[in-house]
Structure formats: C-alpha cells, structure tokens
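**Q** protein_27.pdb is the file, holding PDB, C-alpha atoms:
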ATOM      1  CA  ARG A   1     -20.163   6.623   2.215
ATOM      2  CA  VAL A   2     -19.331  10.006   0.789
ATOM      3  CA  ARG A   3     -18.310  10.439  -2.807
ATOM      4  CA  ILE A   4     -16.803  13.682  -4.016
ATOM      5  CA  GLU A   5     -16.402  14.386  -7.707
ATOM      6  CA  VAL A   6     -13.447  16.645  -8.390
ATOM      7  CA  ASP A   7     -12.549  18.241 -11.701
ATOM      8  CA  ASP A   8      -8.984  19.238 -10.805
ATOM      9  CA  GLN A   9      -7.112  16.374  -9.108
ATOM     10  CA  ARG A  10      -3.932  18.450  -8.954
ATOM     11  CA  ALA A  11      -5.598  21.149  -6.855
ATOM     12  CA  VAL A  12      -6.810  18.525  -4.380
ATOM     13  CA  ALA A  13      -3.328  16.991  -4.102
ATOM     14  CA  LEU A  14      -1.705  20.391  -3.565
ATOM     15  CA  ALA A  15      -4.368  21.420  -1.051
ATOM     16  CA  SER A  16      -3.429  18.458   1.121
ATOM     17  CA  LEU A  17       0.054  19.955   1.576
ATOM     18  CA  LEU A  18      -1.322  23.094   3.239
ATOM     19  CA  PRO A  19      -2.809  23.281   6.733
ATOM     20  CA  PRO A  20      -6.600  23.320   6.739
ATOM     21  CA  PRO A  21      -8.245  26.737   6.888
ATOM     22  CA  ASP A  22      -9.767  27.946  10.139
ATOM     23  CA  VAL A  23     -13.507  27.447  10.234
ATOM     24  CA  TYR A  24     -15.670  29.354  12.678
ATOM     25  CA  ILE A  25     -19.129  28.108  13.549
ATOM     26  CA  ASN A  26     -21.508  30.365  15.399
ATOM     27  CA  SER A  27     -24.548  29.140  17.242
ATOM     28  CA  ALA A  28     -27.357  30.904  19.042
ATOM     29  CA  ARG A  29     -27.472  28.610  22.082
ATOM     30  CA  LYS A  30     -24.816  27.076  24.275
ATOM     31  CA  LYS A  31     -26.340  23.594  23.930
ATOM     32  CA  GLU A  32     -26.006  23.726  20.130
ATOM     33  CA  PHE A  33     -22.418  24.942  20.483
ATOM     34  CA  ARG A  34     -21.514  21.977  22.730
ATOM     35  CA  SER A  35     -23.126  19.571  20.292
ATOM     36  CA  VAL A  36     -21.213  21.013  17.329
ATOM     37  CA  SER A  37     -17.891  21.173  19.189
ATOM     38  CA  ASN A  38     -18.288  17.539  20.346
ATOM     39  CA  ALA A  39     -18.973  16.505  16.757
ATOM     40  CA  VAL A  40     -15.912  18.377  15.469
ATOM     41  CA  ASP A  41     -13.363  17.916  18.267
ATOM     42  CA  GLY A  42     -14.722  14.820  19.975
ATOM     43  CA  ALA A  43     -16.170  14.418  23.435
ATOM     44  CA  VAL A  44     -12.741  13.791  25.021
ATOM     45  CA  ASP A  45      -9.666  15.967  24.482
ATOM     46  CA  LEU A  46      -6.910  13.401  23.883
ATOM     47  CA  ASN A  47      -4.207  16.088  24.080
ATOM     48  CA  GLU A  48      -4.955  16.653  27.757
ATOM     49  CA  TYR A  49      -2.666  14.617  30.024
ATOM     50  CA  LYS A  50      -4.817  12.109  31.894
ATOM     51  CA  ILE A  51      -4.218   8.472  32.628
ATOM     52  CA  GLU A  52      -7.514   7.629  30.869
ATOM     53  CA  ASN A  53      -6.296   9.282  27.663
ATOM     54  CA  VAL A  54      -2.985   7.432  27.827
ATOM     55  CA  LEU A  55      -4.808   4.119  28.293
ATOM     56  CA  GLU A  56      -7.120   4.958  25.387
ATOM     57  CA  LEU A  57      -4.129   5.557  23.111
ATOM     58  CA  VAL A  58      -2.429   2.348  24.299
ATOM     59  CA  ASN A  59      -5.616   0.400  23.565
ATOM     60  CA  GLU A  60      -5.647   1.891  20.077
ATOM     61  CA  ILE A  61      -2.083   0.720  19.490
ATOM     62  CA  LEU A  62      -2.920  -2.745  20.833
ATOM     63  CA  SER A  63      -5.879  -2.955  18.456
ATOM     64  CA  TYR A  64      -3.382  -3.084  15.594
ATOM     65  CA  ILE A  65      -2.496  -6.625  16.659
ATOM     66  CA  LYS A  66      -5.427  -7.681  14.474
ATOM     67  CA  CYS A  67      -3.041  -7.190  11.548
ATOM     68  CA  GLN A  68      -0.707  -9.812  12.983
ATOM     69  CA  GLN A  69      -1.987 -12.584  10.698
ATOM     70  CA  TYR A  70      -1.266 -10.471   7.607
ATOM     71  CA  ILE A  71       2.270  -9.830   8.849
ATOM     72  CA  TYR A  72       2.811 -13.578   9.348
ATOM     73  CA  VAL A  73       1.585 -14.334   5.820
ATOM     74  CA  ALA A  74       3.780 -11.609   4.305
ATOM     75  CA  PHE A  75       6.822 -12.834   6.234
ATOM     76  CA  ARG A  76       6.167 -16.452   5.182
ATOM     77  CA  ASP A  77       5.822 -15.413   1.532
ATOM     78  CA  LEU A  78       9.061 -13.458   1.799
ATOM     79  CA  ILE A  79      11.034 -16.318   3.350
ATOM     80  CA  MET A  80       9.569 -19.004   1.079
ATOM     81  CA  TRP A  81      10.211 -16.935  -2.096
ATOM     82  CA  ASN A  82       6.555 -16.801  -3.103
ATOM     83  CA  SER A  83       5.906 -14.615  -6.096
ATOM     84  CA  ALA A  84       4.232 -11.272  -5.521
ATOM     85  CA  TYR A  85       4.703  -9.865  -9.027
ATOM     86  CA  GLN A  86       4.033 -11.330 -12.445
ATOM     87  CA  PHE A  87       5.589 -10.050 -15.649
ATOM     88  CA  ASP A  88       4.578 -10.687 -19.236
ATOM     89  CA  ILE A  89       7.431 -11.362 -21.655
ATOM     90  CA  LEU A  90       7.482 -12.353 -25.305
ATOM     91  CA  VAL A  91       9.387 -15.522 -26.213
ATOM     92  CA  PRO A  92       9.791 -17.320 -29.541
ATOM     93  CA  THR A  93       7.074 -19.876 -30.146
ATOM     94  CA  PHE A  94       9.415 -22.887 -30.293
ATOM     95  CA  PHE A  95      10.444 -22.197 -26.641
ATOM     96  CA  VAL A  96       6.872 -22.432 -25.381
ATOM     97  CA  ASN A  97       6.832 -26.242 -25.379
ATOM     98  CA  TYR A  98       9.928 -26.365 -23.155
ATOM     99  CA  LEU A  99       8.649 -24.005 -20.451
ATOM    100  CA  PRO A 100       7.395 -25.267 -17.066
ATOM    101  CA  THR A 101       3.647 -25.726 -16.686
ATOM    102  CA  TYR A 102       3.128 -22.721 -14.409
ATOM    103  CA  VAL A 103       4.622 -20.448 -17.113
ATOM    104  CA  GLN A 104       2.686 -21.880 -20.079
ATOM    105  CA  PRO A 105       0.756 -19.281 -22.131
ATOM    106  CA  SER A 106      -2.949 -19.632 -22.816
ATOM    107  CA  LEU A 107      -4.328 -21.061 -26.071
ATOM    108  CA  GLU A 108      -5.515 -17.584 -27.128
ATOM    109  CA  THR A 109      -1.986 -16.308 -26.800
ATOM    110  CA  LYS A 110      -0.621 -19.222 -28.832
ATOM    111  CA  ALA A 111      -3.134 -18.565 -31.609
ATOM    112  CA  ARG A 112      -2.580 -14.795 -31.628
ATOM    113  CA  TYR A 113       1.201 -14.835 -31.971
ATOM    114  CA  ILE A 114       2.743 -16.996 -34.618
ATOM    115  CA  SER A 115       6.393 -16.211 -34.060
ATOM    116  CA  LEU A 116       6.218 -14.801 -30.507
ATOM    117  CA  SER A 117       4.195 -15.942 -27.528
ATOM    118  CA  LYS A 118       3.338 -13.920 -24.454
ATOM    119  CA  VAL A 119       4.362 -15.735 -21.289
ATOM    120  CA  THR A 120       3.602 -14.692 -17.716
ATOM    121  CA  VAL A 121       6.603 -15.210 -15.444
ATOM    122  CA  PRO A 122       6.203 -14.976 -11.652
ATOM    123  CA  LEU A 123       9.142 -13.299  -9.934
ATOM    124  CA  PRO A 124       9.701 -13.005  -6.171
ATOM    125  CA  ILE A 125      11.222  -9.518  -6.365
ATOM    126  CA  ASP A 126      10.705  -8.844  -2.654
ATOM    127  CA  SER A 127      12.713 -11.929  -1.741
ATOM    128  CA  PHE A 128      15.460 -10.941  -4.205
ATOM    129  CA  VAL A 129      15.724  -7.499  -2.617
ATOM    130  CA  VAL A 130      15.848  -8.842   0.947
ATOM    131  CA  PHE A 131      18.439 -11.472  -0.005
ATOM    132  CA  ILE A 132      20.753  -9.009  -1.747
ATOM    133  CA  CYS A 133      20.352  -6.368   0.966
ATOM    134  CA  SER A 134      21.024  -8.864   3.742
ATOM    135  CA  ILE A 135      24.219 -10.042   2.035
ATOM    136  CA  ALA A 136      25.396  -6.452   1.615
ATOM    137  CA  LEU A 137      24.448  -5.644   5.211
ATOM    138  CA  VAL A 138      26.463  -8.581   6.585
ATOM    139  CA  GLU A 139      29.470  -7.428   4.579
ATOM    140  CA  ASN A 140      29.109  -3.749   5.558
ATOM    141  CA  PRO A 141      27.137  -3.104   8.795
ATOM    142  CA  ALA A 142      27.638   0.661   8.410
ATOM    143  CA  LEU A 143      24.806   0.544   5.865
ATOM    144  CA  LEU A 144      22.264  -0.280   8.597
ATOM    145  CA  PRO A 145      20.752   3.249   8.884
ATOM    146  CA  SER A 146      20.302   3.625   5.138
ATOM    147  CA  TYR A 147      18.798   0.143   4.845
ATOM    148  CA  PHE A 148      16.453   0.880   7.733
ATOM    149  CA  PHE A 149      15.002   3.888   5.905
ATOM    150  CA  PHE A 150      14.934   1.961   2.638
ATOM    151  CA  PHE A 151      12.900  -0.806   4.248
ATOM    152  CA  CYS A 152      10.519   1.729   5.812
ATOM    153  CA  GLY A 153       9.722   3.051   2.335
ATOM    154  CA  TRP A 154       9.604  -0.469   0.946
ATOM    155  CA  ALA A 155       7.076  -1.461   3.624
ATOM    156  CA  LEU A 156       4.892   1.530   2.706
ATOM    157  CA  ILE A 157       4.975   0.598  -0.984
ATOM    158  CA  THR A 158       4.167  -3.025  -0.111
ATOM    159  CA  VAL A 159       1.146  -1.946   1.935
ATOM    160  CA  LEU A 160       0.054   0.307  -0.940
ATOM    161  CA  ASN A 161       0.362  -2.641  -3.341
ATOM    162  CA  TRP A 162      -1.656  -4.816  -0.950
ATOM    163  CA  ARG A 163      -4.384  -2.151  -0.723
ATOM    164  CA  ARG A 164      -4.458  -1.743  -4.520
ATOM    165  CA  ASN A 165      -5.100  -5.471  -4.962
ATOM    166  CA  HIS A 166      -7.787  -5.696  -2.286
ATOM    167  CA  PRO A 167     -10.900  -7.562  -3.493
ATOM    168  CA  ASN A 168     -13.229  -4.930  -2.013
ATOM    169  CA  PRO A 169     -13.312  -1.886  -4.343
ATOM    170  CA  TRP A 170     -13.979   0.466  -1.400
ATOM    171  CA  TYR A 171     -10.580  -0.373   0.110
ATOM    172  CA  ARG A 172      -8.599   0.176  -3.095
ATOM    173  CA  THR A 173      -6.403   3.242  -3.417
ATOM    174  CA  LEU A 174      -4.602   5.052  -6.203
ATOM    175  CA  SER A 175      -1.205   3.712  -7.145
ATOM    176  CA  PHE A 176       1.932   5.782  -6.670
ATOM    177  CA  GLN A 177       2.160   6.368 -10.428
ATOM    178  CA  GLU A 178      -1.475   7.536 -10.617
ATOM    179  CA  SER A 179      -0.954   9.913  -7.679
ATOM    180  CA  LEU A 180       2.226  11.305  -9.228
ATOM    181  CA  ARG A 181       0.479  11.749 -12.587
ATOM    182  CA  CYS A 182      -2.380  13.622 -10.893
ATOM    183  CA  LEU A 183       0.107  15.874  -9.133
ATOM    184  CA  VAL A 184       2.155  16.644 -12.237
ATOM    185  CA  THR A 185      -0.476  16.827 -14.984
ATOM    186  CA  GLY A 186      -3.722  17.332 -13.074
ATOM    187  CA  GLU A 187      -5.484  14.507 -14.937
TER     188      GLU A 187
END
Can you give me the file's structure in the form of structure tokens?
**A**
Amino acid sequence: RVRIEVDDQRAVALASLLPPPDVYINSARKKEFRSVSNAVDGAVDLNEYKIENVLELVNEILSYIKCQQYIYVAFRDLIMWNSAYQFDILVPTFFVNYLPTYVQPSLETKARYISLSKVTVPLPIDSFVVFICSIALVENPALLPSYFFFFCGWALITVLNWRRNHPNPWYRTLSFQESLRCLVTGE
C-alpha cells in the first residue's frame, strides 16, 4: 500500500482535471527500456485490434458478475422498503413511551434530556424515491430520459454510500461533501 500525505487537497483535486504531464524515461540499454515500457504501458497493447484483446476485455466485463449478489441484496432492500438511512430527531419526553420498540431511545439519551429525547428513526428514502418516480413515470412517459440520467447519478451516490460504510477502512472513500469541501476550501 502507498500512502501519500498532501498539504493542499485542493491542488490535488484540481490536478485530476488536467491531463497528466508527459514523462520521458531514458535508459542506456534496450533491455532496460523494454522492462520500463512493459511496467508503464503493460506487456500487451489493448488498443491494438486483435481478437485476443477483445476477448480479454470481454472477460474483464464478465468478471463484474461477482457483484451480482450485491445487486440482488440492494434490489431486495429497495423492494422490501428496508431502511438505508437513519435520522436523529428530538421529540418530547412524554412521547417516548408511545414509540415502537425499534425507535426507542437509549437510557443515556433519556437521562440526558429531560424535556426532549433524541430518537433514531429509520427511513427508506431510496424506496420513497423509486415509488414516487415510478408513479410520475407511469403518468408521464416523456420523463423517461431525465429519469434515466437521474437514476444513473443516484446509482453512483448509492455506490459511494456503500463504499463509505464498508467495514474495511482501506475500501472507504471520501464522501461527496468532503470532496466538495476540499475542492472549494482546500482543507
């Protein structure tokens, strides 16, 4: 693993928008040059049209079928209205006894707030969005192109949320808000 410590996050984010600079590597012998060029470009030029290269790219696409189980789980959670997001709200203390058991606050929360209690409420926002969009799409099919692009962005944000909540810290990424803050403020 490589770890790079950067002082200016904004400069790194802006540098990713530009094409990489040309780097020239000189070597004294032809054997060293081949070794370096294979390390940089790869042993096989995938841009060259050969049936082997096409099959290699098809095999790469077929290797993504390993993600099929995650797609099934996400689709099941969407259809069955399972909660993906949890929100904390403050409610008056006398309401706490009438809430369902899965929304009950902890004892610490009850002791901390005398007049208000913090309650965690699970909401299936993804299912709400799909339900409302599907109703609108049935009523007005001309919205199909705009909904297609909306759901492409929604899928990207969902994958980002899944990667942010990954149990392995090496697979976690910055959230959209953190990336935007780095780009705007440089912090």
**Q** Between atom CA of A:Arg10 and atom CA of A:Cys182, what is the distance in Å, rounded to a tenth?
**A**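 Spanning atom CA of A:Arg10 to atom CA of A:Cys182 is a straight-line distance of 5.4 Å.
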**Q** Please measure the separation of atom CA of A:Leu137 and atom CA of A:Trp154, giving the value in Å to one decimal.
**A** 16.3 Å
**Q** Taking all listed atoms of stretch 85-90 of chain A, build the axis-aligned box, pad each of the six sides by 3 Å, then write its centre and edge lengths in Å to one decimal as AutoDock Vina command-line options.
**A**
--center_x 5.8 --center_y -11.1 --center_z -17.2 --size_x 9.4 --size_y 8.5 --size_z 22.3
**Q** Applying the PyMOL selection byres ((chain A and resi 185) around 12) to the file I just gave you, which residues come out? Please list them as a list in words.
**A** Asp8, Gln9, Arg10, Ala11, Ala13, Gln177, Glu178, Ser179, Leu180, Arg181, Cys182, Leu183, Val184, Gly186 and Glu187 of chain A
**Q** To test your reading of the syntax: which residues would the PyMOL selection byres ((chain A and resi 124-128) around 7) return for the file shown? Reply as a list in words.
**A**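 Taken on the displayed file, the PyMOL selection byres ((chain A and resi 124-128) around 7) yields the residues Leu78, Ile79, Trp81, Asn82, Ser83, Ala84, Tyr85, Pro122, Leu123, Val129, Val130, Phe131 and Ile132 of chain A.
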**Q** So how far away is atom CA of A:Tyr72 from atom CA of A:Tyr171, in Å?
**A**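 According to the coordinates, atom CA of A:Tyr171 and atom CA of A:Tyr72 are separated by 21.0 Å.
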**Q** Applied to the shown file, which residues does the PyMOL selection byres ((chain A and resi 159-166) around 12) return, written as a ChimeraX atom specification?
**A** /A:67,70-71,74,84-85,152-158,167-179
**Q** For a quick check of understanding, using all atoms listed in the file, which of A:Ala142, A:Leu57, A:Phe150, A:Val23 has the smallest distance to A:Val40?
**A**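 Closest to A:Val40 of all the choices is A:Val23.
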**Q** Just want the 9 Å neighbourhood of A:Val44, counted on all atoms listed in the file, with same-chain residues fewer than 4 positions away dropped. Output as a list in words.
**A**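 The residues satisfying every condition are Asn38, Glu48 and Asn53 of chain A.
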**Q** Pick from A:Val12, A:Asp45, A:Leu62, A:Val119: nearest to A:Gln86, with only C-alpha atoms counted?
**A**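 Answer, going by the shortest atom-to-atom distance: A:Val119.
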**Q** For A:Ile89, which residue out of A:Ser117, A:Ser134, A:Gln68, A:Ser37 is the nearest one, using all atoms listed in the file?
**A**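 Of all the options, A:Ser117 lies closest to A:Ile89.
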